[in-house]
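*Asks:* Please find protein36.cif (mmCIF, C-alpha atoms) on the next line:
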```
data_work
#
loop_
_atom_site.label_atom_id
_atom_site.label_comp_id
_atom_site.auth_asym_id
_atom_site.auth_seq_id
_atom_site.Cartn_x
_atom_site.Cartn_y
_atom_site.Cartn_z
CA MET Q 2 23.55 1.15 8.23
CA ILE Q 3 20.32 0.27 6.44
CA LEU Q 4 18.19 3.11 5.03
CA ILE Q 5 14.48 2.34 4.63
CA THR Q 6 12.08 4.80 3.03
CA GLY Q 7 8.32 4.62 3.50
CA ALA Q 8 9.08 3.17 6.93
CA SER Q 9 6.10 4.62 8.79
CA SER Q 10 3.71 1.84 7.68
CA GLY Q 11 3.27 -1.32 5.63
CA LEU Q 12 6.28 -3.12 4.20
CA GLY Q 13 8.72 -0.41 5.27
CA ALA Q 14 7.66 -0.70 8.91
CA ALA Q 15 7.78 -4.50 8.75
CA LEU Q 16 11.30 -4.40 7.33
CA ALA Q 17 12.36 -1.97 10.04
CA ALA Q 18 11.08 -4.31 12.77
CA SER Q 19 12.73 -7.35 11.19
CA TYR Q 20 16.13 -5.74 10.66
CA ALA Q 21 16.01 -4.15 14.12
CA ALA Q 22 15.42 -7.58 15.65
CA ASP Q 23 18.67 -8.69 14.00
CA GLY Q 24 20.53 -5.80 15.61
CA HIS Q 25 21.12 -3.67 12.50
CA THR Q 26 21.67 0.08 12.65
CA LEU Q 27 18.77 1.72 10.83
CA THR Q 28 17.75 5.06 9.39
CA LEU Q 29 14.01 5.30 8.78
CA THR Q 30 12.38 7.96 6.68
CA GLY Q 31 8.82 8.92 5.76
CA ARG Q 32 6.51 11.91 5.56
CA ASN Q 33 4.89 11.53 8.99
CA ASP Q 34 7.24 12.31 11.86
CA GLU Q 35 4.93 11.00 14.61
CA ARG Q 36 4.39 7.67 12.89
CA LEU Q 37 8.11 7.26 12.24
CA HIS Q 38 8.87 7.80 15.90
CA ASN Q 39 6.20 5.28 16.88
CA ILE Q 40 7.79 2.67 14.59
CA ALA Q 41 11.23 3.45 16.02
CA ARG Q 42 9.95 3.02 19.59
CA GLN Q 43 8.47 -0.35 18.68
CA CYS Q 44 11.87 -1.41 17.30
CA GLN Q 45 13.86 -0.59 20.42
CA PRO Q 46 16.53 -1.21 21.61
CA ALA Q 47 17.93 -1.09 18.08
CA ASN Q 48 20.13 1.81 16.97
CA ILE Q 49 17.62 3.83 14.94
CA CYS Q 50 17.65 7.32 13.44
CA THR Q 51 14.43 8.82 12.01
CA LEU Q 52 14.41 11.53 9.34
CA THR Q 53 11.23 13.07 7.97
CA ALA Q 54 11.33 13.80 4.24
CA ASP Q 55 9.05 14.43 1.27
CA LEU Q 56 10.63 12.36 -1.49
CA SER Q 57 8.56 14.07 -4.17
CA ASP Q 58 10.55 17.26 -3.48
CA ALA Q 59 14.11 17.24 -4.85
CA SER Q 60 15.49 19.60 -2.20
CA SER Q 61 13.99 17.47 0.57
CA VAL Q 62 15.65 14.38 -0.90
CA SER Q 63 19.02 16.13 -1.05
CA SER Q 64 18.61 17.28 2.56
CA LEU Q 65 17.74 13.74 3.63
CA PHE Q 66 21.00 12.38 2.25
CA ASP Q 67 22.95 15.26 3.81
CA LYS Q 68 21.55 14.25 7.22
CA LEU Q 69 22.35 10.54 7.05
CA PRO Q 70 24.53 9.56 10.03
CA SER Q 71 26.72 7.37 7.78
CA ALA Q 72 26.84 5.94 4.29
CA PRO Q 73 24.31 3.11 3.97
CA GLU Q 74 25.32 -0.41 3.01
CA THR Q 75 21.74 -1.23 2.05
CA ILE Q 76 18.91 1.02 0.85
CA ILE Q 77 15.31 -0.20 0.56
CA PHE Q 78 12.98 2.24 -1.16
CA CYS Q 79 9.38 1.49 -0.15
CA ALA Q 80 7.70 4.85 -0.73
CA GLY Q 81 4.62 5.12 -2.93
CA SER Q 82 0.84 5.29 -3.05
CA GLY Q 83 -2.06 3.88 -5.04
CA TYR Q 84 -4.98 5.34 -6.94
CA PHE Q 85 -7.37 3.15 -8.90
CA GLY Q 86 -10.52 3.26 -10.99
CA SER Q 87 -11.44 3.37 -14.66
CA LEU Q 88 -9.33 5.94 -16.47
CA GLU Q 89 -12.18 8.24 -17.51
CA LYS Q 90 -13.31 8.55 -13.88
CA GLN Q 91 -9.92 9.42 -12.41
CA GLU Q 92 -9.35 13.01 -11.34
CA PRO Q 93 -6.42 14.97 -12.84
CA ASP Q 94 -5.18 16.22 -9.46
CA ALA Q 95 -5.20 12.70 -8.03
CA ILE Q 96 -3.37 11.39 -11.10
CA ALA Q 97 -0.71 14.07 -10.69
CA GLN Q 98 -0.33 13.15 -7.00
CA LEU Q 99 0.01 9.48 -7.92
CA ILE Q 100 2.79 10.25 -10.41
CA SER Q 101 4.50 12.47 -7.83
CA ASN Q 102 4.32 9.90 -5.02
CA ASN Q 103 5.61 7.07 -7.20
CA LEU Q 104 7.61 8.07 -10.27
CA LEU Q 105 8.92 11.48 -9.22
CA SER Q 106 9.82 10.26 -5.74
CA ALA Q 107 11.74 7.27 -7.09
CA THR Q 108 13.49 9.42 -9.70
CA TYR Q 109 14.63 12.11 -7.27
CA PHE Q 110 15.69 9.54 -4.69
CA LEU Q 111 17.61 7.29 -7.07
CA ARG Q 112 19.25 10.29 -8.74
CA GLU Q 113 20.61 11.49 -5.40
CA ALA Q 114 21.66 8.01 -4.26
CA ILE Q 115 23.59 7.33 -7.47
CA LYS Q 116 25.21 10.75 -7.45
CA ARG Q 117 26.59 10.10 -3.97
CA TYR Q 118 27.18 6.35 -3.87
CA ARG Q 119 27.81 5.05 -7.40
CA ASN Q 120 31.37 4.13 -6.34
CA THR Q 121 30.29 2.66 -3.00
CA PRO Q 122 29.59 -1.07 -2.51
CA LEU Q 123 25.93 -0.97 -1.57
CA THR Q 124 22.65 -2.57 -2.57
CA CYS Q 125 19.70 -0.33 -3.42
CA ALA Q 126 16.38 -2.17 -3.64
CA ILE Q 127 13.50 -0.28 -5.26
CA VAL Q 128 10.14 -1.75 -4.24
CA MET Q 129 7.51 -1.39 -6.94
CA SER Q 130 4.59 -3.77 -7.57
CA THR Q 131 3.56 -6.59 -9.88
CA ALA Q 132 1.60 -3.75 -11.54
CA ALA Q 133 4.97 -2.79 -13.04
CA LEU Q 134 5.03 -6.13 -14.85
CA VAL Q 135 1.45 -6.78 -15.98
CA ALA Q 136 -1.27 -4.44 -17.24
CA LYS Q 137 -4.39 -4.36 -15.05
CA ALA Q 138 -7.82 -2.96 -15.82
CA GLY Q 139 -8.82 -0.27 -13.36
CA GLU Q 140 -5.17 0.42 -12.54
CA SER Q 141 -4.08 2.25 -15.70
CA THR Q 142 -2.37 5.25 -14.11
CA TYR Q 143 -0.93 3.14 -11.29
CA CYS Q 144 0.56 0.74 -13.85
CA ALA Q 145 1.87 3.71 -15.85
CA ALA Q 146 3.64 5.09 -12.78
CA LYS Q 147 5.11 1.74 -11.76
CA TRP Q 148 6.16 0.87 -15.33
CA GLY Q 149 7.93 4.23 -15.34
CA VAL Q 150 9.82 3.30 -12.17
CA LYS Q 151 10.76 -0.05 -13.70
CA GLY Q 152 12.20 1.74 -16.74
CA LEU Q 153 14.07 4.09 -14.43
CA VAL Q 154 15.63 1.24 -12.46
CA GLU Q 155 16.63 -0.80 -15.50
CA SER Q 156 18.13 2.19 -17.31
CA ALA Q 157 20.02 3.39 -14.23
CA ARG Q 158 21.33 -0.15 -13.76
CA LEU Q 159 22.92 0.06 -17.21
CA GLU Q 160 24.54 3.37 -16.25
CA LEU Q 161 26.02 1.65 -13.17
CA ALA Q 162 27.58 -1.20 -15.14
CA GLY Q 163 30.92 -2.07 -13.60
CA LYS Q 164 30.22 0.00 -10.46
CA PRO Q 165 29.97 -1.49 -6.95
CA MET Q 166 26.52 0.04 -6.37
CA LYS Q 167 23.85 -2.50 -7.35
CA LEU Q 168 20.16 -1.87 -8.08
CA VAL Q 169 17.52 -4.48 -7.29
CA GLY Q 170 13.99 -4.27 -8.68
CA VAL Q 171 11.38 -5.65 -6.27
CA TYR Q 172 7.89 -6.57 -7.49
CA PRO Q 173 5.55 -7.66 -4.67
CA GLY Q 174 1.97 -8.75 -5.23
CA GLY Q 175 -0.92 -7.55 -3.08
CA MET Q 176 -0.26 -7.03 0.62
CA ALA Q 177 -2.78 -6.51 3.41
CA THR Q 178 -1.83 -2.93 4.33
CA GLU Q 179 -3.36 0.53 4.76
CA PHE Q 180 -2.50 1.14 1.10
CA TRP Q 181 -5.89 -0.12 -0.04
CA ALA Q 182 -7.95 2.12 2.23
CA SER Q 183 -6.82 5.25 0.38
CA SER Q 184 -6.52 3.73 -3.10
CA GLY Q 185 -10.14 4.12 -4.15
CA LYS Q 186 -10.42 0.41 -4.95
CA GLU Q 187 -12.51 -1.95 -2.85
CA MET Q 188 -10.67 -5.22 -2.35
CA ASP Q 189 -11.04 -8.28 -0.17
CA ILE Q 190 -7.52 -8.39 1.22
CA SER Q 191 -8.12 -11.19 3.73
CA SER Q 192 -6.03 -13.62 1.67
CA PHE Q 193 -3.26 -11.14 0.78
CA MET Q 194 0.29 -11.45 2.09
CA THR Q 195 1.05 -9.65 5.32
CA PRO Q 196 3.84 -7.04 5.29
CA GLU Q 197 5.76 -9.29 7.68
CA GLU Q 198 5.62 -12.23 5.27
CA THR Q 199 6.78 -10.04 2.39
CA ALA Q 200 9.57 -8.53 4.50
CA ALA Q 201 10.86 -11.99 5.44
CA MET Q 202 10.98 -13.13 1.81
CA LEU Q 203 12.63 -9.91 0.64
CA LYS Q 204 15.32 -10.08 3.32
CA LYS Q 205 16.28 -13.58 2.22
CA ALA Q 206 16.43 -12.58 -1.44
CA LEU Q 207 18.73 -9.64 -0.71
CA GLN Q 208 21.45 -11.88 0.69
CA HIS Q 209 23.95 -11.75 -2.16
CA ALA Q 210 26.95 -13.97 -2.78
CA GLU Q 211 30.53 -12.79 -3.25
CA HIS Q 212 30.37 -12.96 -7.03
CA GLY Q 213 26.68 -12.46 -7.75
CA TYR Q 214 23.47 -10.78 -6.72
CA ILE Q 215 19.77 -11.19 -7.45
CA SER Q 216 18.85 -8.25 -9.65
CA ASP Q 217 15.06 -8.67 -9.75
CA ILE Q 218 12.70 -10.11 -7.16
CA THR Q 219 9.04 -10.97 -7.81
CA ILE Q 220 7.04 -11.87 -4.70
CA ASN Q 221 3.72 -13.35 -5.74
CA ARG Q 222 0.78 -14.11 -3.50
CA TYR Q 223 -1.27 -17.28 -3.77
#
```
Render the structure in this file as structure tokens.
*Replies:*
Amino acid sequence: MILITGASSGLGAALAASYAADGHTLTLTGRNDERLHNIARQCQPANICTLTADLSDASSVSSLFDKLPSAPETIIFCAGSGYFGSLEKQEPDAIAQLISNNLLSATYFLREAIKRYRNTPLTCAIVMSTAALVAKAGESTYCAAKWGVKGLVESARLELAGKPMKLVGVYPGGMATEFWASSGKEMDISSFMTPEETAAMLKKALQHAEHGYISDITINRY
């Protein structure tokens, strides 16, 4: 079973469609129940379970894992949001929401996954952004949140040394998704990667060998 978070739109939805086309059993999660069900219907006749969850709430994350129909063999964490603008013009409440949607969500989710599956042979891919690798003007708090997730992933990976559970850091560049409409940043996204293109590249990169795996994946756009 493959567990995909943030599956109601963007990269998560594209991954769901691609894996469903290959006949995989999927569990899709997100905050919007109606949108999740719409994605699941589009992926039929695949074997799909949908579970609504707020990953910025620790009890909701724990409940999500309790409800999984089986232990996953692959987890792809795609949840997150954006908020941009010069630092002095950003609103405190929006900054707090950004941190919650990105860093807190990833922390609660990864904590629960490791607690349950550290001794299970599975791959857990945490999708971040190239903003976790390079500082960007007008994206200070977004970079801070994503750099925090990067530190989380790399530190947790050290704690899992010698364990069969493997963490993969994923750093995609700009994608043409609904993300930008609510980010507060006006962008011409006509030349950005589509979620489907990014999903195809990520799927290929996650195909590990018997004695090795790709630990970090950067997907740049032209």
*Asks:* Got a sec: who's within 6 Å of Asn103 in chain Q, counting all atoms listed in the file, leaving out chain neighbours fewer than 3 positions off, as a PDB file with C-alpha atoms, in the frame of the given file?
*Replies:*
```pdb
ATOM      1  CA  GLY Q  81       4.620   5.120  -2.930  1.00  0.00           C
ATOM      2  CA  ILE Q 100       2.790  10.250 -10.410  1.00  0.00           C
ATOM      3  CA  SER Q 106       9.820  10.260  -5.740  1.00  0.00           C
TER       4      SER Q 106
END
```
*Asks:* Take the PyMOL selection byres ((chain Q and resi 91) around 12), run it mentally on this structure, and tell me the resulting residues as a PyMOL selection string.
*Replies:* chain Q and resi 84-90+92-99+139-143+184-186
*Asks:* Please expand the PyMOL selection byres ((chain Q and resi 44-55) around 9) into the concrete residues it hits in this file, giving the result as a VMD selection string.
*Replies:* chain Q and resid 17 to 34 37 to 43 56 to 62 64 to 65 68 to 70 106
*Asks:* Dig up all the protein and nucleic acid residues within 8 Å of (29.9, -0.5, -0.6) in the file frame, using all atoms listed in the file, and format them as a count of residues only.
*Replies:* 8
*Asks:* May I ask for the distance between CA of Lys204 in chain Q and CA of Val169 in chain Q, given in Å to one decimal place?
*Replies:*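 Result for CA of Lys204 in chain Q versus CA of Val169 in chain Q: 12.2 Å, one decimal.
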*Asks:* So that I can see what lies close to Leu207 in chain Q, please list as a list in words the residues with an atom at most 10 Å from it, counting all atoms listed in the file and leaving out residues fewer than 6 positions away in the same chain.
*Replies:* Thr75, Thr124, Cys125, Ala126, Val169, Tyr214, Ile215, Ser216, Asp217 and Ile218 of chain Q
*Asks:* Restricting the calculation to only C-alpha atoms: of Q:Leu16, Q:Gly11, Q:Gly152, Q:Glu197, which residue gets closest to Ser82 in chain Q?
*Replies:*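 Using only C-alpha atoms, Ser82 in chain Q sits closest to Q:Gly11.
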*Asks:* Skip Gly175 in chain Q itself and residues of its chain fewer than 3 positions away, then list as a PyMOL selection string all residues within 8 Å of it, counting all atoms listed in the file.
*Replies:* chain Q and resi 190+193-194+221-222
